[in-house]
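Enquirer: Can you read through this structure? Questions will come right after.
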Protein chains: 6
Amino acid sequence: MTNEVQQLIAKADVLIEALPYLRTFANKTFVIKYGGQAMVSEELKKSVIMDIILLKYIGINPIVVHGGGPDITRMLERLGKESHFVNGLRVTDAEDIEVVEMVLTGKVNKQIVALINQYGGKAVGLSGKDANLLVAHRRAPEQLSGSEEQVDLGYVGEITKVNPEVIHTLSKQGYIPVISSIAVGLEGESLNINADHVAGEVAAALAAEKLILLTDVEGILAEANDPSSLISTLPKAQATSMIAEGKITRGMIPKVEACLIALAHEVNRTHIIDGRVPHSLLLEIFTDHGIGTMVTS
Amino acid sequence: MTNEVQQLIAKADVLIEALPYLRTFANKTFVIKYGGQAMVSEELKKSVIMDIILLKYIGINPIVVHGGGPDITRMLERLGKESHFVNGLRVTDAEDIEVVEMVLTGKVNKQIVALINQYGGKAVGLSGKDANLLVAHRRAPEQLSGSEEQVDLGYVGEITKVNPEVIHTLSKQGYIPVISSIAVGLEGESLNINADHVAGEVAAALAAEKLILLTDVEGILAEANDPSSLISTLPKAQATSMIAEGKITRGMIPKVEACLIALAHEVNRTHIIDGRVPHSLLLEIFTDHGIGTMVTS
Amino acid sequence: MTNEVQQLIAKADVLIEALPYLRTFANKTFVIKYGGQAMVSEELKKSVIMDIILLKYIGINPIVVHGGGPDITRMLERLGKESHFVNGLRVTDAEDIEVVEMVLTGKVNKQIVALINQYGGKAVGLSGKDANLLVAHRRAPEQLSGSEEQVDLGYVGEITKVNPEVIHTLSKQGYIPVISSIAVGLEGESLNINADHVAGEVAAALAAEKLILLTDVEGILAEANDPSSLISTLPKAQATSMIAEGKITRGMIPKVEACLIALAHEVNRTHIIDGRVPHSLLLEIFTDHGIGTMVTS
Amino acid sequence: MTNEVQQLIAKADVLIEALPYLRTFANKTFVIKYGGQAMVSEELKKSVIMDIILLKYIGINPIVVHGGGPDITRMLERLGKESHFVNGLRVTDAEDIEVVEMVLTGKVNKQIVALINQYGGKAVGLSGKDANLLVAHRRAPEQLSGSEEQVDLGYVGEITKVNPEVIHTLSKQGYIPVISSIAVGLEGESLNINADHVAGEVAAALAAEKLILLTDVEGILAEANDPSSLISTLPKAQATSMIAEGKITRGMIPKVEACLIALAHEVNRTHIIDGRVPHSLLLEIFTDHGIGTMVTS
Amino acid sequence: MTNEVQQLIAKADVLIEALPYLRTFANKTFVIKYGGQAMVSEELKKSVIMDIILLKYIGINPIVVHGGGPDITRMLERLGKESHFVNGLRVTDAEDIEVVEMVLTGKVNKQIVALINQYGGKAVGLSGKDANLLVAHRRAPEQLSGSEEQVDLGYVGEITKVNPEVIHTLSKQGYIPVISSIAVGLEGESLNINADHVAGEVAAALAAEKLILLTDVEGILAEANDPSSLISTLPKAQATSMIAEGKITRGMIPKVEACLIALAHEVNRTHIIDGRVPHSLLLEIFTDHGIGTMVTS
Amino acid sequence: MTNEVQQLIAKADVLIEALPYLRTFANKTFVIKYGGQAMVSEELKKSVIMDIILLKYIGINPIVVHGGGPDITRMLERLGKESHFVNGLRVTDAEDIEVVEMVLTGKVNKQIVALINQYGGKAVGLSGKDANLLVAHRRAPEQLSGSEEQVDLGYVGEITKVNPEVIHTLSKQGYIPVISSIAVGLEGESLNINADHVAGEVAAALAAEKLILLTDVEGILAEANDPSSLISTLPKAQATSMIAEGKITRGMIPKVEACLIALAHEVNRTHIIDGRVPHSLLLEIFTDHGIGTMVTS
């Protein structure tokens, strides 16, 4: 047997190793929050996109949710507008929301859609306005920490209802839905929603098998900045305490909240994984121990 | 019988008058190019949107196509970029096309979608990138009239293929598809397409019953600027001559071309109508003589 | 804008006004008891038939129930038989029931069916014998008022079971079922049933959205013969008292009883309306305040 | 083995003998013209009805067509009207057709329907008006034989179109359609049609497997009145000559014509059988040699 | 009427007599344990096979289960192996089970399948290994009666789970499933199962209407060897006592156990009938009093 | 990044490499002739079975065909019968065919079925008798080479008809059909068929995408015994000549014939591959150049 054939056999062995996972996850829905470095590096982009297409081909139902903070900030800058954040939330006036929506729905969303289609999948982009997919009301003003002042965040919303029918319609016909984090308000206005929260709410509404959030760290760390302190499995009660105690901070907070939203409904497993690792989606799905942190009920 | 009841009866008579048209058009597809004043005036917007929703409820299958030139020009201005046109086509460089796509797909499209949903329909927005709905290649450079100079139009395209499956998927489930005039190129790049042409190609691909283009004049006039010279029915041979002879000019040219594209396939009737008239869509559909100009094969 | 166009626009406005009702009633079932003047005047006949066809085209599911007392009486006269009534019920001997059935099922029913088909609907006539649609037993003898004498009504029945499957089969395929008020007895014999009661029972068995009974007065009047005393909304408790107190009399009694039967099941709304008003069906359905009397639970 | 058991076994053998016919005719459509003695004698009625129900249960699709001449004549007599026939066709004035229709559709049809339902089948009666099942125009006036005089037959028609969709709708749901020989004219009027012709046209429109006409003689006889001269198989060319030569006469003519109509379309086999023999339908279907006369192409 | 026709009519009467049973059993599932003389005599074989095919054609869903003891014993003999039985169960070593499986699944099963197909049915053979239809574990060792010694029966099993999906898949498509009494163990090994038990378990898993076991005696006798003491109806409590009291013995025990298994689930009726009587299946099904013994809950 | 993670990423890369093949072969049917060493070695058995299950999970439709010569010979030996071959075909008398069938259908087939089910697939075994899947007549007697003597092969057949409906029924429901090479003759008798031929005929009847035959050599060699002379692609004309010229010999002949049968119908690609290589099925399918010899049209 030639060397080449032996290498091929080794590859076939890898495919066979995937078989038990194929069985377990056949026809299940996975909601994937796509973001961070995996949306920047060309190599990682391709790796994530290929992973998503592979999932679809082997009978899993991937639903992609994305934000796009850096692109928004850049476009606002080009228009001479500065970005302000309060407690990590972008203060979004009427002029801003138009830009936020255009960038998320008209640029980032369509880039992801076109990439999936180019590599052989069939994607359709959706915003929360399409078929009233994401209905929201405006968030209450934020309390500035260490002050009594309240700041009106403007066109920033909280989801009150997900109408997932259009996702089912598209998924059943073989399409991969890609959802931008814009919701529709009661008067038809656009509202900016945290994309992690969108992913959590969509997973909950779909009773997804898994919610997977890509991030730019190894997962949740017991000791900040110490990758070796990665927590593999985090019960939701402990997750809640870690937020309260300030051990989970900043961008990780909405990710953990998304897991908690999903777990509060019928979602079985929620994962926060390191999107900087190539094929992190496949690694999470097709290995027993998984990667990153699994938040569990 | 009170006066009020007599008025109600008169209204019922109007509904009954619509019956033969309901019968004729049940389950037929109408492609509607939405644009011009009807996209600006709040009153006309509502009138068109309500007409479209009514069509859907009474068993007709409306498909909406739109452009959005004025919004594009405004956004480019805000970004300090001037708009150049050659033979009526926008010269679109790499920076421009990003803005064009964002405005059309991320702003105008979602405004229409949200309006339809607000007034009780169920709309889903699509760009030509979704499910590779509109595939295009770049247009050849334009010859400047009266010169040998050729101008490369940049990211301006011509449709080479329409993949209408996603339209069928959505329509069958009760959704009204709303399509922005952005196509996808062979390398996944965005291409700016004349929205009238998109409407014609989509109507052709769907073998629609009717293609209806909203414009800001009465229809095609035999004598420019003389509304009383409105041509009710224009055979396609004559339409072609009128373009050649310069009697059909400027923005009307792509509209007539759209009709010719549609007629060259299985589309039965094509209409160019005056979108400034309230309920012009219903008038066209629910009266025997129609309004505006019908281009016929 | 010409006068003609303005009139057209006014008509389109009427169509648009119907939109909210289209939305509310899409795919709902309406049982319509057709009778009285609306079955005599050529103009009213056409008006009712057109209304019914329109309902079908716009996605409502109309089911028509009819009687035909005057035609029966006429045919019996031609055969030299006198009609006797006890407490408003026709005494029906073996010879009579044959005539009653022939007239209702073989003449009146087919006239309605042919009219609907002629004006562009697709109707199929049914008697209660078809597919055992209406199963009945004979009514107990009637007590003569002010006497101890009891009169055997002969082949007059009360419905004991409705088998609505054949209605569903036909409705789903686009047909308008038209039902004559003949039921089948336990031994296969024909039984004459009050057509209002049939309508009420059919509405109950179908869990219809609405039961609408056409009559020849404005509705239920608080003061007999005073049209201005029309009761718009009549709670069922009050309806029951009004019958007991003799304020609802004669032909109105079975109509109110039909409403009570329907309300006792899952029917949402029941209406007794003035069939002498052209398009009374549309007026009832497509205006907020309705016409005639609504009996409510 | 007891005597009783041996008798049971003999019965089981009979069922098993039917097996090859069950296989051959599974899911096939049989159009049965019901008439003559088999519609008069209580015993024969039950026998035919049971045969029809059995056919339905074993997977054959029976469609029943009937006339009802004697009942019509009786009712016209009761109304003091005499019946006139020209060349075997009833002269039918405007008053007559109303009676004809009432008797056929309102009495005879519903009696057959009720009988089938009583014995355990599920029948639905139809006239040619239902769903425009039978569309006809008026027959040309008849030439009186041996005279130049022409007689206008009045409301007597010839079928121009069969719309069989409603038959399919009902058959598929397990119902046995029973069709009275009344057609609808172009203006919605009722037309009296020869029931044999109706059966032939319906069989043709359904591309039935078999057309079976019940009559009151053994079949077609080579020598009139000589039952031993029964023709088992009659090629259509010979049938045509026999009519021309006057060897087939009177009521047998429309029966043979019905066979010819059916054979001219996709009907495989047509049979004229003796309805006076109990279970003649089963005998025809479940024995190799059949009974009566088979007219063949 | 000729003698021949009168005989034919008598035959038709027999078919009509079957009608009420057709109605009662339409679309119901019957599990039939085929065995004994009816699997040996050519005449009885044909009679049973024809009965089964007839059931399928008239809308009943027959499922056939079989064993094949005599064939197994013969093949083992040819291979020089003696058969040992403990309490009526075959001691089955690793070499034996291979032979048992080959004979049951590769010979007896395919003979039945080929016979059904030859006589016009469409049969598909299954063993308990196909689609994991019958999952079993090994039986505990048997206690030798009158001794403390225990005998390991080897590859003899007891059913722990029936996966009936493949039966539904085949039945719905018109096939008659024929099941051999081999189950699959937890490690994929073959296990020999009593065929009566298999029939009982399959009937239970399918919630069959009837379980019918063919045997070589009249049924269950109150007095051994006295056919006139046949018990027509045996309540399950009494059946249990009769086993305990030794009044039901040997091969009849597993048959009665099969009935008890079936009755413990949703099976309505269980019958032990005399397979030596031709058409015993039809006799049981198509006569009111039935034959053999009915074990009832 | 740890070493372990890097290894995981390399594995994910392998999965991604499979993506284009998944796309190409989604929903396609592959007929796989399983035999030779791959049916003997425990390791190879598992490897082939896992490959087949994987194909099913990723949306390909594998159909397995098998023979079982060595097992047959062994069982005949145990029964004291010698095996004779003429031109490579087993002379099969009445006693032999019973054993052949039992071994193929009752032992080998069920072993494959049980293995697939054990490793997580859902297999159902079929012989050519099930649903008359393979209909055959007996082969003409074979001419002994170098002699005029003809030898009657007994129960050896040639396929005349494949009835593939039962394969479709099972495949659509997620089952993997496993087919033994026994056909049914016109009188219901069993006939022994070359399993390669069965695979070719089944592939032809299914219009399969691929026919893949596992063998115990590298493929077709230009020079006998010189693996380096492997022919990668062999046009069918050349294949025919090589047989005629004696360059393709013995067991390879029916394999090439199977390819020619398949190519003569709508099968796209036929492959003879080395079953001794682990995962040879996956290697063939998931690499561009394939392995073994492709016979092409």
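Identifiers for the structure tokens are assigned positionally: chains receive A, B, ... in sequence, residues are indexed from 1 per chain, and ligands are indexed from 1 in the order shown.
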Determine which residues of stretch 5-131 of chain C DSSP labels as helix (DSSP H, G or I) from the backbone of this structure, then write them out as a PyMOL selection string.

Expert: chain C and resi 5-17+19-25+36-39+42-57+69-78+94-118+130-131

Enquirer: Got a sec: who's within 12 Å of E:Thr2, counting only C-alpha atoms, leaving out chain neighbours fewer than 4 positions off, as a PyMOL selection string?

Expert: (chain D and resi 218+227-228+277+291) or (chain E and resi 6-9)

Enquirer: Write a file of the selected residues as a PDB file, in the first residue's frame, keeping N, CA and C atoms.

Expert:
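Saved to out_38.pdb:
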ATOM      1  N   GLU D 218     -82.316  -9.774 -21.670  1.00  0.00           N
ATOM      2  CA  GLU D 218     -81.107 -10.571 -21.443  1.00  0.00           C
ATOM      3  C   GLU D 218     -79.850  -9.870 -21.965  1.00  0.00           C
ATOM      4  N   PRO D 227     -84.539 -15.232 -26.498  1.00  0.00           N
ATOM      5  CA  PRO D 227     -83.440 -15.095 -25.533  1.00  0.00           C
ATOM      6  C   PRO D 227     -82.251 -15.999 -25.864  1.00  0.00           C
ATOM      7  N   SER D 228     -82.528 -17.089 -26.560  1.00  0.00           N
ATOM      8  CA  SER D 228     -81.412 -17.997 -26.858  1.00  0.00           C
ATOM      9  C   SER D 228     -80.499 -17.413 -27.935  1.00  0.00           C
ATOM     10  N   VAL D 277     -81.875  -9.990 -13.159  1.00  0.00           N
ATOM     11  CA  VAL D 277     -81.162 -11.076 -12.481  1.00  0.00           C
ATOM     12  C   VAL D 277     -80.542 -10.522 -11.203  1.00  0.00           C
ATOM     13  N   ILE D 291     -72.100 -11.738 -18.260  1.00  0.00           N
ATOM     14  CA  ILE D 291     -73.490 -12.002 -18.629  1.00  0.00           C
ATOM     15  C   ILE D 291     -73.916 -10.903 -19.572  1.00  0.00           C
TER      16      ILE D 291
ATOM     17  N   GLN E   6     -78.406 -19.378 -11.687  1.00  0.00           N
ATOM     18  CA  GLN E   6     -78.834 -19.472 -10.290  1.00  0.00           C
ATOM     19  C   GLN E   6     -77.659 -19.796  -9.362  1.00  0.00           C
ATOM     20  N   GLN E   7     -76.761 -20.619  -9.853  1.00  0.00           N
ATOM     21  CA  GLN E   7     -75.563 -20.899  -9.052  1.00  0.00           C
ATOM     22  C   GLN E   7     -74.701 -19.651  -8.889  1.00  0.00           C
ATOM     23  N   LEU E   8     -74.619 -18.917  -9.994  1.00  0.00           N
ATOM     24  CA  LEU E   8     -73.834 -17.673  -9.916  1.00  0.00           C
ATOM     25  C   LEU E   8     -74.446 -16.711  -8.904  1.00  0.00           C
ATOM     26  N   ILE E   9     -75.762 -16.620  -8.926  1.00  0.00           N
ATOM     27  CA  ILE E   9     -76.426 -15.716  -7.984  1.00  0.00           C
ATOM     28  C   ILE E   9     -76.158 -16.154  -6.554  1.00  0.00           C
TER      29      ILE E   9
END

Enquirer: Could you state the separation of atom CA of D:Glu98 and atom CA of C:Lys107 in Å, given to one decimal place?

Expert: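 Spanning atom CA of D:Glu98 to atom CA of C:Lys107 is a straight-line distance of 7.1 Å.
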
Enquirer: Just need the residues of chain B within 8 Å of chain C, counting only C-alpha atoms, so spit them out as a PyMOL selection string.

Expert: chain B and resi 8-9+11-16+19+22-23+50-51+54+57-59+120+278-280+282-283

Enquirer: Could you pull the residues within 10 Å of F:Gly80, counting only C-alpha atoms, minus those fewer than 5 positions along the same chain, as a PyMOL selection string?

Expert: (chain E and resi 78-79) or (chain F and resi 74-75)

Enquirer: Store the residues of this selection in a file with all heavy atoms, as a PDB file, in the first residue's frame.

Expert:
ATOM      1  N   ARG E  78     -29.708 -33.810   8.973  1.00  0.00           N
ATOM      2  CA  ARG E  78     -28.829 -33.973   7.805  1.00  0.00           C
ATOM      3  C   ARG E  78     -27.394 -33.614   8.164  1.00  0.00           C
ATOM      4  O   ARG E  78     -26.447 -34.119   7.581  1.00  0.00           O
ATOM      5  CB  ARG E  78     -29.286 -33.076   6.645  1.00  0.00           C
ATOM      6  CG  ARG E  78     -30.503 -33.641   5.906  1.00  0.00           C
ATOM      7  CD  ARG E  78     -30.909 -32.749   4.753  1.00  0.00           C
ATOM      8  NE  ARG E  78     -29.852 -32.623   3.751  1.00  0.00           N
ATOM      9  CZ  ARG E  78     -29.862 -31.734   2.763  1.00  0.00           C
ATOM     10  NH1 ARG E  78     -30.864 -30.889   2.654  1.00  0.00           N
ATOM     11  NH2 ARG E  78     -28.872 -31.682   1.893  1.00  0.00           N
ATOM     12  N   LEU E  79     -27.246 -32.685   9.115  1.00  0.00           N
ATOM     13  CA  LEU E  79     -25.911 -32.277   9.541  1.00  0.00           C
ATOM     14  C   LEU E  79     -25.413 -33.143  10.693  1.00  0.00           C
ATOM     15  O   LEU E  79     -24.375 -32.850  11.302  1.00  0.00           O
ATOM     16  CB  LEU E  79     -25.923 -30.806   9.954  1.00  0.00           C
ATOM     17  CG  LEU E  79     -26.114 -29.833   8.794  1.00  0.00           C
ATOM     18  CD1 LEU E  79     -26.549 -28.477   9.309  1.00  0.00           C
ATOM     19  CD2 LEU E  79     -24.821 -29.710   7.983  1.00  0.00           C
TER      20      LEU E  79
ATOM     21  N   ARG F  74     -18.748 -24.285   1.999  1.00  0.00           N
ATOM     22  CA  ARG F  74     -18.546 -24.905   3.311  1.00  0.00           C
ATOM     23  C   ARG F  74     -19.789 -25.671   3.769  1.00  0.00           C
ATOM     24  O   ARG F  74     -19.696 -26.785   4.251  1.00  0.00           O
ATOM     25  CB  ARG F  74     -18.192 -23.832   4.345  1.00  0.00           C
ATOM     26  CG  ARG F  74     -16.721 -23.853   4.734  1.00  0.00           C
ATOM     27  CD  ARG F  74     -16.436 -23.017   5.969  1.00  0.00           C
ATOM     28  NE  ARG F  74     -17.056 -21.708   5.947  1.00  0.00           N
ATOM     29  CZ  ARG F  74     -16.534 -20.640   5.322  1.00  0.00           C
ATOM     30  NH1 ARG F  74     -15.403 -20.723   4.643  1.00  0.00           N
ATOM     31  NH2 ARG F  74     -17.166 -19.499   5.362  1.00  0.00           N
ATOM     32  N   MET F  75     -20.955 -25.058   3.621  1.00  0.00           N
ATOM     33  CA  MET F  75     -22.173 -25.720   4.080  1.00  0.00           C
ATOM     34  C   MET F  75     -22.452 -26.966   3.245  1.00  0.00           C
ATOM     35  O   MET F  75     -22.831 -28.015   3.787  1.00  0.00           O
ATOM     36  CB  MET F  75     -23.367 -24.762   4.007  1.00  0.00           C
ATOM     37  CG  MET F  75     -24.708 -25.339   4.449  1.00  0.00           C
ATOM     38  SD  MET F  75     -24.776 -26.049   6.146  1.00  0.00           S
ATOM     39  CE  MET F  75     -24.626 -24.563   7.135  1.00  0.00           C
TER      40      MET F  75
END

Enquirer: For stretch 134-150 of chain C, list every protein, DNA or RNA residue within 9 Å, evaluated using only C-alpha atoms, and leave out those in the same chain fewer than 5 positions away; present the list as number ranges by chain.

Expert: C: 86-87, 127-129, 155-164, 181-186, 191, 193, 198, 202

Enquirer: Find the residues near C:Asn268: any atom within 12 Å, counting only C-alpha atoms, skip ones fewer than 4 places away on the same chain, and give them as a list in words.

Expert: Phe25, Lys28, Thr29, Phe30, Val31, Ala203, Ala204, Leu206, Ala207, Ala208, Glu209, Lys210, Leu211, Ile212, Cys259, Leu260, Ile261, Ala262, Leu263, Ala264, Met294, Val295, Thr296 and Ser297 of chain C

Enquirer: Selected residues, N, CA and C atoms, written as a PDB file, in the first residue's frame, please.

Expert:
ATOM      1  N   PHE C  25     -61.138  37.687   8.524  1.00  0.00           N
ATOM      2  CA  PHE C  25     -62.008  36.550   8.211  1.00  0.00           C
ATOM      3  C   PHE C  25     -61.360  35.537   7.270  1.00  0.00           C
ATOM      4  N   LYS C  28     -62.036  31.655   7.337  1.00  0.00           N
ATOM      5  CA  LYS C  28     -63.091  31.364   8.297  1.00  0.00           C
ATOM      6  C   LYS C  28     -64.339  30.840   7.577  1.00  0.00           C
ATOM      7  N   THR C  29     -65.166  30.106   8.297  1.00  0.00           N
ATOM      8  CA  THR C  29     -66.396  29.554   7.723  1.00  0.00           C
ATOM      9  C   THR C  29     -67.592  30.391   8.156  1.00  0.00           C
ATOM     10  N   PHE C  30     -68.425  30.753   7.170  1.00  0.00           N
ATOM     11  CA  PHE C  30     -69.671  31.467   7.463  1.00  0.00           C
ATOM     12  C   PHE C  30     -70.833  30.601   7.002  1.00  0.00           C
ATOM     13  N   VAL C  31     -71.777  30.328   7.900  1.00  0.00           N
ATOM     14  CA  VAL C  31     -72.995  29.627   7.484  1.00  0.00           C
ATOM     15  C   VAL C  31     -74.072  30.674   7.245  1.00  0.00           C
ATOM     16  N   ALA C 203     -73.882  25.295  11.514  1.00  0.00           N
ATOM     17  CA  ALA C 203     -72.878  26.241  12.036  1.00  0.00           C
ATOM     18  C   ALA C 203     -72.216  25.660  13.281  1.00  0.00           C
ATOM     19  N   ALA C 204     -73.030  25.048  14.140  1.00  0.00           N
ATOM     20  CA  ALA C 204     -72.480  24.450  15.365  1.00  0.00           C
ATOM     21  C   ALA C 204     -71.523  23.314  15.020  1.00  0.00           C
ATOM     22  N   LEU C 206     -69.820  22.817  12.383  1.00  0.00           N
ATOM     23  CA  LEU C 206     -68.616  23.289  11.698  1.00  0.00           C
ATOM     24  C   LEU C 206     -67.792  24.219  12.578  1.00  0.00           C
ATOM     25  N   ALA C 207     -68.294  24.529  13.774  1.00  0.00           N
ATOM     26  CA  ALA C 207     -67.657  25.553  14.600  1.00  0.00           C
ATOM     27  C   ALA C 207     -67.377  26.772  13.735  1.00  0.00           C
ATOM     28  N   ALA C 208     -68.431  27.213  13.041  1.00  0.00           N
ATOM     29  CA  ALA C 208     -68.296  28.332  12.100  1.00  0.00           C
ATOM     30  C   ALA C 208     -67.906  29.608  12.831  1.00  0.00           C
ATOM     31  N   GLU C 209     -67.310  30.530  12.092  1.00  0.00           N
ATOM     32  CA  GLU C 209     -67.001  31.845  12.655  1.00  0.00           C
ATOM     33  C   GLU C 209     -68.281  32.648  12.832  1.00  0.00           C
ATOM     34  N   LYS C 210     -69.152  32.580  11.841  1.00  0.00           N
ATOM     35  CA  LYS C 210     -70.387  33.367  11.870  1.00  0.00           C
ATOM     36  C   LYS C 210     -71.551  32.529  11.368  1.00  0.00           C
ATOM     37  N   LEU C 211     -72.711  32.766  11.961  1.00  0.00           N
ATOM     38  CA  LEU C 211     -73.987  32.307  11.407  1.00  0.00           C
ATOM     39  C   LEU C 211     -74.757  33.561  11.039  1.00  0.00           C
ATOM     40  N   ILE C 212     -75.201  33.655   9.785  1.00  0.00           N
ATOM     41  CA  ILE C 212     -75.948  34.838   9.344  1.00  0.00           C
ATOM     42  C   ILE C 212     -77.286  34.377   8.775  1.00  0.00           C
ATOM     43  N   CYS C 259     -79.631  30.860  16.407  1.00  0.00           N
ATOM     44  CA  CYS C 259     -78.502  31.590  16.997  1.00  0.00           C
ATOM     45  C   CYS C 259     -78.096  30.944  18.330  1.00  0.00           C
ATOM     46  N   LEU C 260     -79.082  30.586  19.125  1.00  0.00           N
ATOM     47  CA  LEU C 260     -78.777  30.014  20.439  1.00  0.00           C
ATOM     48  C   LEU C 260     -78.085  28.658  20.292  1.00  0.00           C
ATOM     49  N   ILE C 261     -78.544  27.837  19.326  1.00  0.00           N
ATOM     50  CA  ILE C 261     -77.880  26.555  19.066  1.00  0.00           C
ATOM     51  C   ILE C 261     -76.411  26.787  18.711  1.00  0.00           C
ATOM     52  N   ALA C 262     -76.202  27.742  17.800  1.00  0.00           N
ATOM     53  CA  ALA C 262     -74.840  27.999  17.329  1.00  0.00           C
ATOM     54  C   ALA C 262     -73.965  28.530  18.459  1.00  0.00           C
ATOM     55  N   LEU C 263     -74.515  29.464  19.242  1.00  0.00           N
ATOM     56  CA  LEU C 263     -73.735  30.055  20.338  1.00  0.00           C
ATOM     57  C   LEU C 263     -73.401  29.015  21.408  1.00  0.00           C
ATOM     58  N   ALA C 264     -74.283  28.026  21.550  1.00  0.00           N
ATOM     59  CA  ALA C 264     -74.031  26.979  22.550  1.00  0.00           C
ATOM     60  C   ALA C 264     -72.827  26.129  22.158  1.00  0.00           C
ATOM     61  N   MET C 294     -77.239  41.374  16.236  1.00  0.00           N
ATOM     62  CA  MET C 294     -76.277  40.335  16.566  1.00  0.00           C
ATOM     63  C   MET C 294     -76.693  39.699  17.892  1.00  0.00           C
ATOM     64  N   VAL C 295     -76.938  38.390  17.881  1.00  0.00           N
ATOM     65  CA  VAL C 295     -77.226  37.690  19.131  1.00  0.00           C
ATOM     66  C   VAL C 295     -75.892  37.171  19.661  1.00  0.00           C
ATOM     67  N   THR C 296     -75.617  37.471  20.894  1.00  0.00           N
ATOM     68  CA  THR C 296     -74.287  37.175  21.442  1.00  0.00           C
ATOM     69  C   THR C 296     -74.371  36.304  22.681  1.00  0.00           C
ATOM     70  N   SER C 297     -73.293  35.672  22.975  1.00  0.00           N
ATOM     71  CA  SER C 297     -73.283  34.804  24.161  1.00  0.00           C
ATOM     72  C   SER C 297     -72.911  35.616  25.392  1.00  0.00           C
TER      73      SER C 297
END

Enquirer: Which value, in Å to one decimal, gives the distance between atom CA of C:Gln238 and atom CA of C:Ile253?

Expert: 13.3 Å

Enquirer: So that I can check the surroundings of D:Leu115, please list as a ChimeraX atom specification every protein, DNA and RNA residue that reaches within 10 Å of it, counting only C-alpha atoms and ignoring chain neighbours fewer than 6 positions away.

Expert: /C:129,187-189 /D:45-46,49-50,121-123

Enquirer: Quick one: pick out all strand (DSSP E) residues within stretch 38-110 of chain E from a backbone DSSP run and write them as number ranges by chain.

Expert: E: 61-66, 85-86, 89-90

Enquirer: Write out the residues from the selection above, keeping C-alpha atoms, as an mmCIF file, in the first residue's frame.

Expert:
data_model
loop_
_atom_site.group_PDB
_atom_site.id
_atom_site.type_symbol
_atom_site.label_atom_id
_atom_site.label_comp_id
_atom_site.auth_asym_id
_atom_site.auth_seq_id
_atom_site.Cartn_x
_atom_site.Cartn_y
_atom_site.Cartn_z
ATOM 1 C CA ASN E 61 -53.766 -5.494 6.761
ATOM 2 C CA PRO E 62 -52.473 -9.045 7.320
ATOM 3 C CA ILE E 63 -49.087 -9.588 9.018
ATOM 4 C CA VAL E 64 -47.794 -13.162 8.871
ATOM 5 C CA VAL E 65 -45.549 -14.715 11.548
ATOM 6 C CA HIS E 66 -44.126 -18.199 11.178
ATOM 7 C CA PHE E 85 -35.931 -30.078 23.992
ATOM 8 C CA VAL E 86 -36.378 -28.913 27.582
ATOM 9 C CA LEU E 89 -37.930 -25.412 24.098
ATOM 10 C CA ARG E 90 -35.145 -26.423 21.722
#

Enquirer: In Å, with one decimal, what is the gap from atom CA of F:Tyr21 to atom CA of F:Ile52?

Expert: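 For atom CA of F:Tyr21 relative to atom CA of F:Ile52, the distance reads 15.1 Å.
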
Enquirer: Which residue out of F:Val178, F:Leu133, F:Ala199, F:Val124 has the minimum interatomic distance to E:Val166 when only C-alpha atoms are used?

Expert: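 So, comparing all the options, the nearest one is F:Val124.
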